[in-house]
Amino acid sequence: MDLHYTDAQEAFRAEARGWLEAHAPAPRSLPSLDTAEGFEAHRAWEAELAADRWSVVSWPEEYGGRGVGILEWLVFEEEYWRAQAPLRVSQNGVFLLAPTMFEFGTDAQKARFLPPMASATEIWCQGWSEPDAGSDLAGIRSRARRSDTEGGWVLSGQKTWASRGAFAEWCFGLFRSDPEAERHRGLTYFLVDMATPGVTVRPIPQIDGETGFAELFFEDVFVPDDLVLGEVGKGWNVAMATAGSERGLSLRSPARYSRAADRLVDLYAETMAADPNRAQRSADAVARAWMDAEAYRLNTLWTATRVLDGGSVGPEASANKIHWSETDLAIHRAALDLLGPAAELHGDGVDAPWLDGYLFALAGPIYAGTNEIQRNVVAERMLGLPRG
Amino acid sequence: MHFAFTDQQLEFRDAVRQVLAKECTTDDVRAAYDAPAARTARWATLAELGVTGLTVPEDLGGLGLGLVDLVPLVEEAGRVALPEPLGTTVGIAAPLLVDLSAGGSGVPTTPLLTGIAAGALTVAVADARWPGAPVAGADGAEFLLLVDDGPDGPGLHALDGSATTVTPASSLDPTRRLGIPEWAPSADTLLVAGEAARAAIAVTADRAAVTTGAELLGLADTMIALTADYARDRQQFGKAIGSFQAVKHLLAGAQVLLEFARPVVYGAAWALDTRQADAPRAASVAKAYASDAALEAARVALQVHGAIGYTWECDVHLFLKRTWALAEAWGSAGDHRARLLDSLLAGR
């Protein structure tokens with residue numbers, strides 16, 4: 001057992017730190033990525049990252065990465081969050097679709113889609129949920145039927161809660177290609193150009209007022225055969241790989257929470273200086289939140305080692321998702337309690353990031369499969385309890 | 001970075017698991033309730049396997065290994081609610097004695113360490129934070145390591161158990177063998193004083209937190225497993241109660257806490273073995289996490305079993321009681337969170 005990074009990994013850290021110190025914009029200097037202006041500002045930042053091969057370090061070099069391993073990726077993420085660099089506008093693509101494409105994509109798909117994903121020239125959104133299929137994802141009704149005239153499919157139906165859907169160029173989505181098959185078997189995973197005729201986007205203002213997600217309407221949208229990811233009718237399996245990334249290792253690196261937890265302790269120290277009695281009432285919550293972030297860091301290193309040794313991540317990804325989403329909430333809830341009357345102040349104030357972070361964290365137990373669904377997965381697949 | 005046990009460590013764990021599955025059934029734990037003893041035939045078996053001497057230097061008959069090697073074995077002890085004091089003797093007392101001998105304190109540690117390795121004696125260690133409180137394992141231990149808070153700072157003392165009057169104190173879990181030693185600190189009992197004692201007491205508390213945390217992991221694992229078995233089996237409303245989400249979510253919540261407590265305890269053992277600067281912090285996170293995970297597993301185990309879990313007949317209570325005792329031993333989750341926060345603030 002050894003929890004030290006190697007000298008080579010530390011050298012990689014130093015290189016990343018040096019680059020980020022020279023290039024990262026000042027913390028919170030970009031407008032929100034859920035606005036049109038902010039979306040483009042974040043895209044420009046990712047292009048700068050990509051130009052020096054920092055946007056997707058763990059990918060092979062031919063697609064814009066550095067070909068480093070998962071531990072180096074974790075080191076890079078630590079530095080990224082240390083630098084308080086901008087949120088990743090390309091996260092649906094690089095953290096969710098890309099791992100799935102590496103597993104299921106054809107060489108032509110990888111060559112076509114990965115480089116512009118790495119440079120944020122093309123940004124992706126996720127078309128999974130529907131008005132009547134949320135937690136019950138296998139109940140989706142949006143259809144894909146064979147095109148009569150050309151080699152391809154015609155999509156119709158409605159998707160919703162597509163994060164970054166208001167501005168994205170591409171969408172990865174699940175459609176029902178065989179209405180006769182058992183409901184998990186009749187699905188196919190499509191890559192859809194949002195500029196295709198028949199795609200309509202209706203942005204949805206979120207709880208913070210910004211259009212972070214959107215409804216997507218598909219009216220006879222033609223998609224050629226080479227934009228099917230994985231096999232026709234095997235969309236559920238392909239989607240579960242994406243969901244594994246979303247819940248497991250790749251979407252939420254521990255550095256995100258470690259940095260927030262450290263800032264929470266800073267806030268506690270500041271509150272102690274100003275109003276010790278009130279601060280002390282939050283002492284246990286602050287310590288708990290810090291511990292939760294530390295446990296997440298250690299669990300990630302434990303899991304990463306298992307993966308490097310040839311193991312895999314199964315239903316543990318669901319336990320992981322429950323933990324990171326609840327940790328994020330615990331950190332931000334504790335911070336708002338420390339802020340007291342200042343907690344509700346919205347906008348550009350110095351403490352406003354805590355409120356923004358709290359609003360973001362509130363979505364965590366809902367997206368990527370609600371935590372209630374994750375608890376079912378843990379109970380059924382880790383503990384062998386019968387399906388209901 | 002390779003955060004995993006070696007194959008050898010896992011093989012040793014599996015060997016101990018096999019032995020304990022045979023030699024420490026719940027009937028055996030019940031027998032220990034009726035006649036608690038420090039050293040038993042089972043303890044002798046563990047000594048033969050090398051378990052009792054795991055942390056004792058090789059030239060004294062041990063294996064000369066560390067907490068990382070020990071933690072999976074203590075987890076196994078927790079899994080079967082082992083009545084004998086494996087964690088205390090091998091995880092807490094022996095490393096302390098090794099430190100004292102290395103520090104040139106002049107303490108005659110050799111006979112104690114060889115005795116521990118041979119399975120010939122057990123040692124109880126007092127928690128310095130609770131002077132005068134009953135000491136776990138003191139009733140029947142051959143040696144006692146006690147602490148006094150003198151005018152010149154703390155002193156660490158050793159007493160011969162056979163020459164000391166120990167008044168038993170009744171625990172909810174009789175295998176804890178609580179006792180209150182009658183003693184007065186003297187030059188004869190003193191091992192070390194001053195700074196050396198302070199350092200020894202501090203690192204002992206950290207090792208105790210991690211070792212106790214490991215035992216709690218094993219207890220939590222068994223409580224969840226017993227309860228999942230019961231939920232698969234027990235029928236109400238015409239189906240297994242484990243098919244109801246209300247029951248599933250209780251068990252899943254406990255399982256998630258346990259999943260995250262494991263690496264925290266393992267990482268703290270590594271931090272102590274390799275003397276990392278933040279080892280005390282890691283030890284506090286470990287004990288707090290393991291205590292919370294095991295207490296939640298205990299709560300869920302009792303609730304899901306319902307009335308049968310509240311009976312003496314059902315085995316669940318054997319694990320609940322050990323959990324409730326160990327959750328408080330060497331600092332509660334709240335104690336350790338307070339200590340952690342102090343440490344985080346001191347670093348600012």
# chains A, B, ... in the order shown; residues from 1 in each chain; ligands from 1
call {"tool": "closest_atom_pairs", "arguments": {"of": "chain B", "to": "chain A", "cutoff": "9 Å", "atoms": "only C-alpha atoms", "output": "CSV"}}
result
residue,atom,partner,partner_atom,distance
B:Met1,CA,A:Leu3,CA,4.7
B:His2,CA,A:Asp2,CA,5.0
B:Phe3,CA,A:Met1,CA,5.1
B:Ala4,CA,A:Met1,CA,5.4
B:Phe5,CA,A:Met1,CA,5.8
B:Thr6,CA,A:Met1,CA,7.2
B:Val68,CA,A:Met1,CA,7.8
B:Ile224,CA,A:Leu383,CA,8.4
B:Ala225,CA,A:Leu383,CA,7.6
B:Ala228,CA,A:Leu383,CA,6.4
B:Asp229,CA,A:Leu385,CA,8.4
B:Ala231,CA,A:Leu385,CA,7.3
B:Arg232,CA,A:Leu385,CA,6.0
B:Ala240,CA,A:Pro386,CA,7.5
B:Ile241,CA,A:Pro386,CA,8.9
B:Gly242,CA,A:Leu385,CA,5.4
B:Ser243,CA,A:Gly388,CA,4.5
B:Phe244,CA,A:Gly388,CA,6.1
B:Gln245,CA,A:Asn376,CA,7.1
B:Lys248,CA,A:Ala379,CA,5.5
B:His249,CA,A:Arg375,CA,5.6
B:Leu250,CA,A:Arg375,CA,8.7
B:Leu251,CA,A:Ala379,CA,6.6
B:Ala252,CA,A:Ala379,CA,5.1
B:Gly253,CA,A:Arg375,CA,7.1
B:Gln255,CA,A:Val378,CA,7.8
B:Val256,CA,A:Ala319,CA,5.4
B:Leu257,CA,A:His323,CA,8.4
B:Glu259,CA,A:Ala319,CA,7.8
B:Phe260,CA,A:Ala295,CA,6.1
B:Ala261,CA,A:Ala295,CA,7.2
B:Arg262,CA,A:Asn299,CA,8.2
B:Pro263,CA,A:Asn299,CA,5.7
B:Val264,CA,A:Ala295,CA,5.8
B:Gly267,CA,A:Leu298,CA,7.2
B:Trp270,CA,A:Met1,CA,7.1
B:Ala271,CA,A:Leu3,CA,8.6
B:Val285,CA,A:Met291,CA,6.2
B:Ala286,CA,A:Ala295,CA,9.0
B:Ala288,CA,A:Met291,CA,8.7
B:Tyr289,CA,A:Met291,CA,8.0
B:Gly334,CA,A:Asp284,CA,7.2
B:Arg337,CA,A:Ala287,CA,5.5
B:Ala338,CA,A:Asp284,CA,6.8
B:Leu340,CA,A:Ala287,CA,6.8
B:Leu341,CA,A:Ala287,CA,5.6
B:Leu344,CA,A:Val265,CA,7.4
B:Leu345,CA,A:Ala269,CA,6.8
B:Arg348,CA,A:Asp266,CA,8.0
call {"tool": "residues_around", "arguments": {"residues": "Thr200 (chain A)", "least_positions_apart": "5", "cutoff": "9 Å", "atoms": "only C-alpha atoms", "output": "PyMOL selection string"}}
result
chain A and resi 194+215-219
call {"tool": "select_by_dssp", "arguments": {"residues": "region 33-240 of chain A", "states": "strand (DSSP E or B)", "output": "PyMOL selection string"}}
result
chain A and resi 124-127+130+133+143-146+152-163+170-176+187-193+199-204+213-224+228-229+234
call {"tool": "atom_distance", "arguments": {"atom1": "CA of Asp328 (chain A)", "atom2": "CA of Tyr367 (chain A)"}}
result
13.4 Å
call {"tool": "atom_distance", "arguments": {"atom1": "CA of Arg176 (chain B)", "atom2": "CA of Leu60 (chain B)"}}
result
27.9 Å
call {"tool": "closest_residue", "arguments": {"among": "B:Thr211, B:Ser332, B:Thr88, B:Thr114", "to": "Asp69 (chain B)", "atoms": "only C-alpha atoms"}}
result
B:Thr211
call {"tool": "residues_around", "arguments": {"residues": "Ala37 (chain B)", "least_positions_apart": "3", "cutoff": "8 Å", "atoms": "only C-alpha atoms", "output": "count of residues only"}}
result
6
call {"tool": "select_by_dssp", "arguments": {"residues": "region 71-295 of chain A", "states": "helix (DSSP H, G or I)", "output": "PyMOL selection string"}}
result
chain A and resi 71-82+91-104+107-118+137-139+225-227+235-247+254-274+276-281+283-295
call {"tool": "closest_residue", "arguments": {"among": "B:Gly218, B:Pro168, B:Pro134, B:Gly78", "to": "Ala329 (chain B)", "atoms": "only C-alpha atoms"}}
result
B:Pro134
call {"tool": "residues_around", "arguments": {"residues": "Ile116 (chain B)", "least_positions_apart": "5", "cutoff": "8 Å", "atoms": "only C-alpha atoms", "output": "short mmCIF file (atom, residue, chain, number, x, y, z; two decimals) with N, CA and C atoms, in the first residue's frame"}}
result
data_model
loop_
_atom_site.label_atom_id
_atom_site.label_comp_id
_atom_site.auth_asym_id
_atom_site.auth_seq_id
_atom_site.Cartn_x
_atom_site.Cartn_y
_atom_site.Cartn_z
N THR B 52 -1.26 -12.99 16.82
CA THR B 52 -1.04 -12.21 18.05
C THR B 52 0.33 -11.53 18.01
N GLY B 53 1.26 -12.12 17.25
CA GLY B 53 2.60 -11.53 17.18
C GLY B 53 2.81 -10.67 15.94
N VAL B 56 4.75 -7.63 16.63
CA VAL B 56 5.93 -7.84 17.48
C VAL B 56 7.15 -8.08 16.59
N THR B 89 -4.58 -5.78 22.10
CA THR B 89 -3.27 -6.36 22.40
C THR B 89 -2.29 -6.18 21.23
N VAL B 90 -2.77 -6.43 20.01
CA VAL B 90 -1.86 -6.45 18.86
C VAL B 90 -1.78 -5.09 18.17
N ALA B 94 1.00 -3.74 21.73
CA ALA B 94 2.30 -4.18 21.20
C ALA B 94 3.06 -3.04 20.49
N LEU B 121 0.04 -13.91 26.88
CA LEU B 121 -0.53 -12.85 27.71
C LEU B 121 -1.28 -11.82 26.87
N THR B 122 -2.22 -11.16 27.50
CA THR B 122 -2.92 -10.03 26.87
C THR B 122 -2.64 -8.78 27.71
#
call {"tool": "atom_distance", "arguments": {"atom1": "CA of Arg381 (chain A)", "atom2": "CA of Pro315 (chain A)"}}
result
6.3 Å
call {"tool": "closest_residue", "arguments": {"among": "A:Ser325, A:Phe213, A:Phe104, A:Phe12", "to": "Tyr358 (chain A)", "atoms": "only C-alpha atoms"}}
result
A:Ser325
call {"tool": "closest_residue", "arguments": {"among": "B:Leu272, B:Ala254, B:Val203, B:Cys24", "to": "Asp221 (chain B)", "atoms": "only C-alpha atoms"}}
result
B:Ala254
call {"tool": "closest_residue", "arguments": {"among": "B:Thr204, B:Gln303, B:Ser171, B:Ser291", "to": "Val316 (chain B)", "atoms": "only C-alpha atoms"}}
result
B:Gln303
